[in-house]
$ cat model-v1.tsv   # TSV, C-alpha atoms
chain	number	residue	atom	x	y	z
H	1	MET	CA	1.49	-9.86	8.41
H	2	VAL	CA	2.65	-6.70	6.62
H	3	SER	CA	0.06	-4.98	4.44
H	4	LEU	CA	-0.81	-1.58	3.07
H	5	LEU	CA	-4.48	-2.57	3.25
H	6	TYR	CA	-6.17	-3.40	6.56
H	7	PRO	CA	-9.22	-2.14	8.45
H	8	VAL	CA	-8.84	1.11	10.38
H	9	PRO	CA	-11.20	2.31	13.15
H	10	LEU	CA	-13.09	4.72	10.86
H	11	ASN	CA	-13.23	2.26	7.96
H	12	PRO	CA	-13.60	-1.36	9.13
H	13	THR	CA	-14.31	-2.57	5.56
H	14	ARG	CA	-10.87	-1.58	4.28
H	15	GLY	CA	-8.72	-4.54	3.22
H	16	VAL	CA	-11.16	-7.18	4.48
H	17	PHE	CA	-9.53	-9.84	2.28
H	18	VAL	CA	-6.30	-9.37	4.26
H	19	GLU	CA	-8.28	-9.48	7.51
H	20	ASP	CA	-9.85	-12.75	6.33
H	21	HIS	CA	-6.38	-14.20	5.82
H	22	VAL	CA	-5.25	-13.09	9.29
H	23	HIS	CA	-8.19	-14.83	10.95
H	24	LEU	CA	-7.75	-17.89	8.74
H	25	LEU	CA	-4.18	-18.17	10.05
H	26	LYS	CA	-5.38	-17.67	13.62
H	27	ASP	CA	-7.95	-20.43	13.17
H	28	MET	CA	-5.11	-22.64	11.93
H	29	GLY	CA	-3.37	-22.09	15.27
H	30	HIS	CA	-0.87	-19.36	14.39
H	31	ASP	CA	-0.08	-16.30	16.50
H	32	VAL	CA	-0.50	-13.33	14.16
H	33	LYS	CA	0.37	-9.65	14.48
H	34	VAL	CA	-0.31	-7.09	11.77
H	35	VAL	CA	1.94	-4.24	10.59
H	36	ASN	CA	-0.16	-1.85	8.52
H	37	PRO	CA	2.08	0.96	7.14
H	38	LEU	CA	0.03	4.00	6.18
H	39	PRO	CA	1.03	7.28	4.52
H	40	ARG	CA	1.03	10.53	6.43
H	41	MET	CA	-1.84	12.51	5.00
H	42	PRO	CA	-4.31	15.30	5.88
H	43	LYS	CA	-8.00	14.53	6.24
H	44	TYR	CA	-8.98	16.24	2.98
H	45	ALA	CA	-6.62	13.97	0.99
H	46	GLU	CA	-8.84	10.96	1.77
H	47	ALA	CA	-11.33	12.23	-0.81
H	48	ARG	CA	-8.87	11.46	-3.64
H	49	ARG	CA	-9.39	7.73	-3.24
H	50	SER	CA	-12.19	5.90	-1.46
H	51	THR	CA	-9.84	3.17	-0.18
H	52	MET	CA	-8.02	5.83	1.87
H	53	MET	CA	-11.09	6.70	3.92
H	54	GLY	CA	-10.20	6.75	7.63
H	55	VAL	CA	-6.44	6.53	7.03
H	56	SER	CA	-5.52	10.05	8.20
H	57	LYS	CA	-6.85	9.48	11.74
H	58	ALA	CA	-5.75	5.85	12.21
H	59	PRO	CA	-3.97	5.28	15.56
H	60	ARG	CA	-0.32	4.18	15.72
H	61	ALA	CA	-1.30	0.97	17.52
H	62	TRP	CA	-4.66	-0.66	18.24
H	63	LYS	CA	-6.46	-3.99	18.43
H	64	HIS	CA	-8.96	-5.13	15.84
H	65	ARG	CA	-11.02	-8.24	16.61
H	66	GLY	CA	-8.36	-9.40	19.05
H	67	VAL	CA	-5.41	-8.87	16.67
H	68	GLU	CA	-2.64	-6.39	17.52
H	69	VAL	CA	-2.18	-3.87	14.70
H	70	LEU	CA	0.85	-1.57	14.40
H	71	VAL	CA	0.59	1.44	12.09
H	72	PRO	CA	3.97	2.95	11.17
H	73	ARG	CA	3.62	6.15	9.16
H	74	PHE	CA	5.66	6.84	6.03
H	75	LEU	CA	6.09	9.78	3.69
H	76	ALA	CA	4.58	9.47	0.22
H	77	LEU	CA	3.26	11.89	-2.37
H	78	PRO	CA	0.05	11.08	-4.30
H	79	ASP	CA	0.66	8.45	-6.99
H	80	HIS	CA	4.30	8.07	-5.81
H	81	PRO	CA	6.08	10.40	-8.28
H	82	TYR	CA	9.31	9.83	-6.31
H	83	PRO	CA	9.29	6.07	-5.56
H	84	ARG	CA	12.75	6.18	-3.99
H	85	LEU	CA	11.44	8.64	-1.38
H	86	THR	CA	8.48	6.38	-0.56
H	87	ALA	CA	10.58	3.21	-0.37
H	88	SER	CA	13.22	4.87	1.81
H	89	SER	CA	10.63	6.28	4.20
H	90	ILE	CA	8.98	2.88	4.70
H	91	ALA	CA	12.29	1.06	5.13
H	92	ARG	CA	13.28	3.42	7.94
H	93	ARG	CA	10.37	2.17	10.03
H	94	VAL	CA	12.09	-1.15	10.73
H	95	GLY	CA	13.44	-0.02	14.10
H	96	TRP	CA	10.05	1.37	15.16
H	97	VAL	CA	8.29	-1.90	14.34
H	98	GLU	CA	10.94	-3.96	16.15
H	99	LYS	CA	10.66	-1.77	19.24
H	100	LYS	CA	6.87	-2.02	19.31
H	101	LEU	CA	6.95	-5.83	19.01
H	102	GLY	CA	9.29	-6.14	21.99
H	103	SER	CA	10.63	-9.68	22.30
H	104	TRP	CA	8.00	-11.18	19.97
H	105	ARG	CA	9.44	-12.48	16.69
H	106	PRO	CA	7.69	-14.22	13.78
H	107	ASP	CA	8.69	-17.45	12.10
H	108	ILE	CA	7.45	-16.11	8.74
H	109	ILE	CA	6.48	-12.69	7.40
H	110	ILE	CA	3.61	-12.50	4.88
H	111	CYS	CA	3.38	-9.30	2.85
H	112	HIS	CA	0.05	-8.56	1.17
H	113	THR	CA	0.70	-6.31	-1.85
H	114	LEU	CA	4.31	-5.61	-2.81
H	115	TRP	CA	4.37	-1.91	-3.53
H	116	PRO	CA	5.27	-0.02	-1.48
H	117	VAL	CA	5.50	-2.14	1.71
H	118	ALA	CA	7.55	-5.12	0.50
H	119	GLY	CA	10.74	-3.21	1.31
H	120	LEU	CA	9.75	-3.17	4.98
H	121	ALA	CA	8.88	-6.87	4.96
H	122	GLU	CA	12.18	-7.75	3.29
H	123	ARG	CA	14.26	-5.73	5.75
H	124	LEU	CA	12.46	-7.19	8.75
H	125	ALA	CA	12.97	-10.71	7.36
H	126	LYS	CA	16.72	-10.11	6.92
H	127	ARG	CA	16.98	-8.58	10.37
H	128	TRP	CA	15.24	-11.50	12.04
H	129	GLY	CA	16.58	-14.26	9.79
H	130	CYS	CA	13.17	-15.56	8.69
H	131	PRO	CA	11.57	-16.21	5.29
H	132	TRP	CA	9.01	-13.81	3.85
H	133	VAL	CA	6.15	-14.43	1.45
H	134	GLY	CA	4.87	-11.85	-1.02
H	135	VAL	CA	1.17	-11.90	-1.95
H	136	VAL	CA	-0.12	-10.28	-5.15
H	137	HIS	CA	-3.83	-9.55	-5.61
H	138	GLY	CA	-3.81	-7.55	-8.83
H	139	TYR	CA	-2.73	-3.93	-8.45
H	140	ASP	CA	0.99	-4.71	-8.27
H	141	PHE	CA	0.98	-6.43	-11.65
H	142	ASP	CA	-2.01	-4.85	-13.42
H	143	VAL	CA	-1.09	-1.25	-12.57
H	144	GLY	CA	2.27	-1.19	-10.82
H	145	LEU	CA	4.15	-2.83	-13.70
H	146	THR	CA	3.03	-0.01	-15.99
H	147	LEU	CA	4.39	2.77	-13.74
H	148	LYS	CA	7.82	4.24	-14.40
H	149	GLY	CA	10.18	3.80	-11.48
H	150	ILE	CA	7.82	1.42	-9.66
H	151	SER	CA	7.81	-1.54	-12.06
H	152	PRO	CA	11.46	-2.54	-11.41
H	153	ARG	CA	10.88	-2.32	-7.64
H	154	ILE	CA	7.87	-4.63	-7.86
H	155	GLN	CA	9.79	-7.15	-9.97
H	156	ALA	CA	12.74	-6.99	-7.56
H	157	SER	CA	10.46	-7.64	-4.57
H	158	ALA	CA	8.73	-10.52	-6.37
H	159	THR	CA	12.13	-12.10	-7.04
H	160	ALA	CA	13.53	-11.44	-3.55
H	161	CYS	CA	10.78	-13.11	-1.50
H	162	SER	CA	11.07	-16.72	-0.38
H	163	ALA	CA	7.79	-17.51	-2.16
H	164	LEU	CA	5.40	-15.43	-4.22
H	165	VAL	CA	1.69	-16.19	-3.80
H	166	CYS	CA	-0.68	-14.97	-6.51
H	167	ALA	CA	-4.44	-14.77	-6.07
H	168	SER	CA	-5.05	-16.21	-9.54
H	169	GLU	CA	-3.36	-18.26	-12.26
H	170	ARG	CA	-3.33	-15.21	-14.52
H	171	LEU	CA	-1.17	-13.27	-12.04
H	172	ALA	CA	1.08	-16.30	-11.54
H	173	ASN	CA	1.66	-16.44	-15.29
H	174	VAL	CA	2.71	-12.77	-15.23
H	175	ALA	CA	5.26	-13.51	-12.48
H	176	ASN	CA	6.66	-16.55	-14.29
H	177	ALA	CA	7.15	-14.44	-17.42
H	178	PHE	CA	9.54	-11.99	-15.73
H	179	SER	CA	13.04	-11.90	-17.19
H	180	THR	CA	14.19	-13.07	-13.76
H	181	ALA	CA	11.33	-15.24	-12.52
H	182	PRO	CA	10.71	-15.68	-8.78
H	183	GLU	CA	12.25	-18.81	-7.33
H	184	ARG	CA	8.85	-20.12	-6.20
H	185	VAL	CA	5.38	-19.09	-7.37
H	186	ALA	CA	2.16	-20.48	-5.91
H	187	THR	CA	-1.50	-19.75	-6.66
H	188	ILE	CA	-3.74	-19.46	-3.60
H	189	PRO	CA	-7.06	-17.59	-3.92
H	190	CYS	CA	-8.59	-15.44	-1.23
H	191	VAL	CA	-10.78	-17.52	1.05
H	192	THR	CA	-14.51	-17.23	0.35
H	193	THR	CA	-16.76	-18.18	3.23
H	194	ILE	CA	-20.38	-17.27	3.93
H	195	ASP	CA	-22.21	-18.23	7.14
H	196	ARG	CA	-25.08	-20.62	6.67
H	197	GLU	CA	-27.66	-17.96	7.59
H	198	TRP	CA	-26.80	-16.00	4.42
H	199	ARG	CA	-26.61	-18.91	1.98
H	200	ARG	CA	-29.28	-19.37	-0.67
H	201	PRO	CA	-29.53	-21.38	-3.92
H	202	VAL	CA	-29.22	-19.47	-7.20
H	203	THR	CA	-32.70	-19.89	-8.67
H	204	PRO	CA	-34.56	-18.30	-11.60
H	205	MET	CA	-36.21	-14.97	-10.84
H	206	LYS	CA	-39.63	-15.38	-9.26
H	207	LYS	CA	-40.90	-11.94	-10.32
H	208	ALA	CA	-43.17	-11.54	-13.33
H	209	TRP	CA	-41.09	-11.00	-16.47
H	210	GLN	CA	-40.75	-7.23	-17.14
H	211	LYS	CA	-43.76	-6.59	-14.89
H	212	GLU	CA	-41.98	-5.90	-11.59
H	213	PRO	CA	-38.91	-3.76	-10.79
H	214	ILE	CA	-35.53	-5.52	-10.64
H	215	ASP	CA	-32.61	-4.48	-8.47
H	216	ILE	CA	-29.10	-4.66	-9.93
H	217	LEU	CA	-26.28	-4.69	-7.38
H	218	PHE	CA	-23.15	-2.80	-8.41
H	219	PRO	CA	-20.76	-4.22	-5.77
H	220	ALA	CA	-18.26	-1.36	-5.58
H	221	ASP	CA	-17.81	2.32	-4.83
H	222	PRO	CA	-18.94	4.28	-7.93
H	223	ARG	CA	-16.17	6.82	-7.27
H	224	ARG	CA	-13.48	4.27	-8.18
H	225	PRO	CA	-12.89	4.75	-11.94
H	226	GLU	CA	-11.57	1.21	-12.49
H	227	LYS	CA	-14.99	-0.19	-11.45
H	228	ARG	CA	-16.67	1.57	-14.43
H	229	HIS	CA	-19.97	2.58	-12.87
H	230	LEU	CA	-20.94	4.29	-16.14
H	231	LEU	CA	-20.97	0.93	-17.96
H	232	ALA	CA	-23.33	-0.42	-15.31
H	233	LEU	CA	-25.63	2.58	-15.72
H	234	GLN	CA	-25.62	2.14	-19.50
H	235	THR	CA	-26.57	-1.52	-19.07
H	236	GLY	CA	-29.49	-0.43	-16.88
H	237	GLU	CA	-30.61	1.99	-19.60
H	238	VAL	CA	-30.57	-0.80	-22.18
H	239	LEU	CA	-32.75	-2.96	-19.93
H	240	GLU	CA	-35.17	-0.09	-19.42
H	241	GLY	CA	-35.35	0.27	-23.19
H	242	ARG	CA	-36.43	-3.38	-23.31
H	243	GLY	CA	-39.29	-2.75	-20.89
H	244	TRP	CA	-37.67	-3.44	-17.50
H	245	MET	CA	-38.01	-1.20	-14.45
H	246	VAL	CA	-34.45	-1.05	-13.12
H	247	GLY	CA	-32.90	0.11	-9.88
H	248	ILE	CA	-29.14	0.02	-9.29
H	249	THR	CA	-27.72	-0.30	-5.77
H	250	SER	CA	-24.02	0.33	-5.12
H	251	LEU	CA	-21.77	-0.68	-2.23
H	252	ARG	CA	-19.41	1.79	-0.58
H	253	HIS	CA	-18.15	1.17	2.95
H	254	GLN	CA	-20.89	-1.05	4.36
H	255	PRO	CA	-20.05	-3.74	6.91
H	256	ARG	CA	-20.24	-7.29	5.66
H	257	ASP	CA	-23.61	-8.18	7.13
H	258	ILE	CA	-25.09	-5.24	5.21
H	259	VAL	CA	-23.25	-6.34	2.06
H	260	TYR	CA	-24.66	-9.85	2.34
H	261	ASP	CA	-28.13	-8.44	2.98
H	262	ARG	CA	-27.85	-6.36	-0.21
H	263	MET	CA	-26.81	-9.48	-2.11
H	264	LEU	CA	-29.81	-11.38	-0.77
H	265	THR	CA	-32.26	-8.67	-1.82
H	266	ALA	CA	-30.73	-7.96	-5.25
H	267	ASP	CA	-31.95	-9.80	-8.34
H	268	VAL	CA	-28.53	-9.86	-10.01
H	269	THR	CA	-24.99	-8.65	-9.32
H	270	LEU	CA	-23.27	-6.79	-12.17
H	271	ILE	CA	-19.47	-6.54	-12.38
H	272	THR	CA	-18.02	-4.12	-14.92
H	273	SER	CA	-14.51	-3.66	-13.47
H	274	ARG	CA	-11.52	-2.99	-15.66
H	275	ARG	CA	-9.31	-5.13	-13.40
H	276	GLU	CA	-9.95	-7.67	-10.63
H	277	ALA	CA	-8.11	-10.63	-9.14
H	278	GLY	CA	-11.15	-12.75	-8.15
H	279	PRO	CA	-13.27	-10.82	-7.67
H	280	LEU	CA	-14.28	-11.88	-4.17
H	281	VAL	CA	-17.72	-10.23	-4.38
H	282	ALA	CA	-18.68	-12.45	-7.33
H	283	ARG	CA	-18.09	-15.61	-5.32
H	284	GLU	CA	-19.83	-14.18	-2.24
H	285	SER	CA	-22.84	-13.16	-4.33
H	286	LEU	CA	-23.23	-16.66	-5.76
H	287	LEU	CA	-23.11	-18.19	-2.29
H	288	CYS	CA	-25.80	-15.72	-1.20
H	289	GLY	CA	-27.99	-16.98	-4.05
H	290	THR	CA	-27.68	-13.98	-6.37
H	291	PRO	CA	-26.61	-14.61	-9.99
H	292	VAL	CA	-23.56	-12.69	-11.24
H	293	VAL	CA	-23.18	-11.18	-14.69
H	294	SER	CA	-19.72	-9.86	-15.46
H	295	VAL	CA	-17.32	-8.67	-18.09
H	296	ASP	CA	-14.42	-11.05	-18.67
H	297	VAL	CA	-12.25	-9.90	-15.78
H	298	GLY	CA	-10.23	-11.78	-13.18
H	299	GLU	CA	-11.16	-15.45	-12.91
H	300	VAL	CA	-14.94	-15.18	-13.44
H	301	LYS	CA	-14.95	-17.21	-16.66
H	302	HIS	CA	-13.64	-20.22	-14.71
H	303	TYR	CA	-16.69	-20.50	-12.46
H	304	LEU	CA	-19.56	-18.48	-13.95
H	305	PRO	CA	-21.82	-19.98	-16.65
H	306	PRO	CA	-20.66	-18.87	-20.12
H	307	SER	CA	-23.82	-16.82	-20.79
H	308	TRP	CA	-23.13	-14.77	-17.63
H	309	VAL	CA	-19.71	-13.59	-18.84
H	310	GLN	CA	-20.18	-10.99	-21.57
H	311	PRO	CA	-18.15	-8.47	-23.59
H	312	GLU	CA	-17.73	-4.90	-22.34
H	313	ASP	CA	-20.90	-3.76	-24.07
H	314	PRO	CA	-24.21	-2.65	-22.46
H	315	GLU	CA	-26.33	-4.68	-24.90
H	316	ALA	CA	-24.31	-7.85	-24.27
H	317	LEU	CA	-24.39	-7.34	-20.49
H	318	ALA	CA	-28.15	-6.82	-20.65
H	319	ASP	CA	-28.43	-10.13	-22.54
H	320	GLY	CA	-26.42	-11.79	-19.79
H	321	ILE	CA	-28.67	-10.35	-17.08
H	322	GLU	CA	-31.81	-11.59	-18.82
H	323	ALA	CA	-30.25	-15.05	-19.21
H	324	ALA	CA	-29.33	-15.15	-15.53
H	325	LEU	CA	-32.78	-14.01	-14.41
H	326	ARG	CA	-34.51	-16.52	-16.67
H	327	THR	CA	-32.56	-19.67	-15.83
H	328	GLY	CA	-30.71	-19.28	-12.54
H	329	TRP	CA	-27.87	-21.76	-11.91
H	330	THR	CA	-28.14	-24.71	-14.32
H	331	GLU	CA	-24.56	-26.03	-14.24
H	332	GLU	CA	-23.96	-29.72	-13.43
H	333	GLU	CA	-21.77	-28.75	-10.46
H	334	SER	CA	-23.41	-26.92	-7.56
H	335	VAL	CA	-22.17	-23.45	-6.63
H	336	ASP	CA	-20.32	-24.90	-3.62
H	337	GLU	CA	-18.62	-27.50	-5.79
H	338	ARG	CA	-17.64	-24.91	-8.40
H	339	LEU	CA	-16.16	-22.63	-5.71
H	340	ARG	CA	-14.48	-25.30	-3.61
H	341	PHE	CA	-11.05	-24.00	-4.74
H	342	ALA	CA	-11.67	-20.94	-2.53
H	343	SER	CA	-13.25	-22.77	0.43
H	344	THR	CA	-11.83	-22.48	3.93
H	345	GLU	CA	-10.59	-26.08	3.78
H	346	ALA	CA	-8.82	-25.72	0.43
H	347	VAL	CA	-7.19	-22.36	1.21
H	348	SER	CA	-6.16	-23.46	4.71
H	349	GLN	CA	-4.51	-26.59	3.34
H	350	ALA	CA	-2.64	-24.64	0.65
H	351	TRP	CA	-1.29	-22.11	3.14
H	352	SER	CA	-0.45	-24.81	5.68
H	353	GLU	CA	1.62	-26.71	3.13
H	354	LEU	CA	3.40	-23.56	1.93
H	355	LEU	CA	4.26	-22.27	5.39
H	356	ALA	CA	5.40	-25.71	6.59
H	357	SER	CA	7.76	-26.02	3.63
H	358	LEU	CA	9.35	-22.63	4.41
H	359	VAL	CA	10.15	-23.34	8.05
H	360	SER	CA	11.10	-27.02	7.75

$ encode --input "model-v1.tsv" --output "structure tokens"
Amino acid sequence: MVSLLYPVPLNPTRGVFVEDHVHLLKDMGHDVKVVNPLPRMPKYAEARRSTMMGVSKAPRAWKHRGVEVLVPRFLALPDHPYPRLTASSIARRVGWVEKKLGSWRPDIIICHTLWPVAGLAERLAKRWGCPWVGVVHGYDFDVGLTLKGISPRIQASATACSALVCASERLANVANAFSTAPERVATIPCVTTIDREWRRPVTPMKKAWQKEPIDILFPADPRRPEKRHLLALQTGEVLEGRGWMVGITSLRHQPRDIVYDRMLTADVTLITSRREAGPLVARESLLCGTPVVSVDVGEVKHYLPPSWVQPEDPEALADGIEAALRTGWTEEESVDERLRFASTEAVSQAWSELLASLVS
């Protein structure tokens, strides 16, 4: 597994969706090793982006939950103003990775996110004579394709891989619309699994209407501009204007058991992101029994009740929150049935079929 995003010792919540995939593959019986290329950077540079927390001090090799992780360092400037420099620096780490792996060789390489690490995955695949799979979660297409000098590299990587896996149908449609479409495009969502101890039904709010405080969960780091924390705050102000007492809780770098605990205690989860693939937190929140109100982003309109998906307007989002609190889940399908496309069984089967077809 090659990925720019993966947990590091000082930030175990980083790239947990990739970690989930690694352990899904291990549970399927595969031997998995992770190559997590990270940029060389000083400690103070982590403050520029919350997802980089802990990156500067990450070790060159370590084990995380029993999985061997290799961390080759590459040279990159903030926002990649010289993409050729970044791509060349990563590609030169092929020999280092091969040396660290010793005699171990993979049957397949899976690369989560294409820019900027797909070049390393492609070179390793050519060197070892094995297929490689690119996985797109959102950033590559939603942001990368708008960046000068990076867009053609992303499209080239998407075309070069043996199969391109997209986390949603929307992203798959983007790939199929390329002037040179990838040879094979598949849609496989991130697995969504919650232990039984955290699961609850999504029921109407039991608190007295506008008489008791409600807690809105903003399931992201407020420092990330694409999450639009301001829109969430404005929605809270609208609710307060209607007579509600509102508290807003945000998530930063909490471990998953804390995240699930916050979902259990919240009255509603509010998603105001500008871009998302799933999002994973929406599905997790539903399984924890907390209703989710969201702008129309990612795939939420395919599994949330229509009244819970609202325009990017505080008044409309407040309407959605009140509807969710009043009724709870009233769809004919249960939450588990609605989310079965992202269950462990469905995702495992999809990956098993894809991988088997590539090595047969």

$ atom_distance --input "model-v1.tsv" --atom1 "atom CA of Pro42 of chain H" --atom2 "atom CA of Lys57 of chain H"
8.6 Å

$ residues_around --input "model-v1.tsv" --residues "Val238 of chain H" --least-positions-apart "4" --cutoff "8 Å" --atoms "all atoms listed in the file" --output "list in words"
Gln234, Arg242, Pro314, Glu315 and Ala318 of chain H

$ atom_distance --input "model-v1.tsv" --atom1 "atom CA of Glu284 of chain H" --atom2 "atom CA of Cys166 of chain H"
19.6 Å

$ closest_residue --input "model-v1.tsv" --among "H:His112, H:Arg326, H:Gln210, H:Trp104" --to "Cys161 of chain H" --atoms "all atoms listed in the file"
H:His112

$ residues_near_point --input "model-v1.tsv" --point "(-12.7, -0.4, -13.8)" --cutoff "10 Å" --atoms "all atoms listed in the file" --output "mmCIF file with C-alpha atoms, in the frame of the given file"
data_model
loop_
_atom_site.group_PDB
_atom_site.id
_atom_site.type_symbol
_atom_site.label_atom_id
_atom_site.label_comp_id
_atom_site.auth_asym_id
_atom_site.auth_seq_id
_atom_site.Cartn_x
_atom_site.Cartn_y
_atom_site.Cartn_z
ATOM 1 C CA ALA H 220 -18.260 -1.360 -5.580
ATOM 2 C CA PRO H 222 -18.940 4.280 -7.930
ATOM 3 C CA ARG H 224 -13.480 4.270 -8.180
ATOM 4 C CA PRO H 225 -12.890 4.750 -11.940
ATOM 5 C CA GLU H 226 -11.570 1.210 -12.490
ATOM 6 C CA LYS H 227 -14.990 -0.190 -11.450
ATOM 7 C CA ARG H 228 -16.670 1.570 -14.430
ATOM 8 C CA HIS H 229 -19.970 2.580 -12.870
ATOM 9 C CA LEU H 230 -20.940 4.290 -16.140
ATOM 10 C CA LEU H 231 -20.970 0.930 -17.960
ATOM 11 C CA ILE H 271 -19.470 -6.540 -12.380
ATOM 12 C CA THR H 272 -18.020 -4.120 -14.920
ATOM 13 C CA SER H 273 -14.510 -3.660 -13.470
ATOM 14 C CA ARG H 274 -11.520 -2.990 -15.660
ATOM 15 C CA ARG H 275 -9.310 -5.130 -13.400
ATOM 16 C CA GLU H 276 -9.950 -7.670 -10.630
ATOM 17 C CA VAL H 297 -12.250 -9.900 -15.780
#

$ residues_around --input "model-v1.tsv" --residues "Ser352 of chain H" --least-positions-apart "4" --cutoff "12 Å" --atoms "all atoms listed in the file" --output "mmCIF file with C-alpha atoms, in the coordinates of the input"
data_model
loop_
_atom_site.group_PDB
_atom_site.id
_atom_site.type_symbol
_atom_site.label_atom_id
_atom_site.label_comp_id
_atom_site.auth_asym_id
_atom_site.auth_seq_id
_atom_site.Cartn_x
_atom_site.Cartn_y
_atom_site.Cartn_z
ATOM 1 C CA LEU H 24 -7.750 -17.890 8.740
ATOM 2 C CA LEU H 25 -4.180 -18.170 10.050
ATOM 3 C CA LYS H 26 -5.380 -17.670 13.620
ATOM 4 C CA ASP H 27 -7.950 -20.430 13.170
ATOM 5 C CA MET H 28 -5.110 -22.640 11.930
ATOM 6 C CA GLY H 29 -3.370 -22.090 15.270
ATOM 7 C CA HIS H 30 -0.870 -19.360 14.390
ATOM 8 C CA ILE H 188 -3.740 -19.460 -3.600
ATOM 9 C CA THR H 344 -11.830 -22.480 3.930
ATOM 10 C CA GLU H 345 -10.590 -26.080 3.780
ATOM 11 C CA ALA H 346 -8.820 -25.720 0.430
ATOM 12 C CA VAL H 347 -7.190 -22.360 1.210
ATOM 13 C CA SER H 348 -6.160 -23.460 4.710
ATOM 14 C CA ALA H 356 5.400 -25.710 6.590
ATOM 15 C CA SER H 357 7.760 -26.020 3.630
ATOM 16 C CA LEU H 358 9.350 -22.630 4.410
ATOM 17 C CA VAL H 359 10.150 -23.340 8.050
ATOM 18 C CA SER H 360 11.100 -27.020 7.750
#
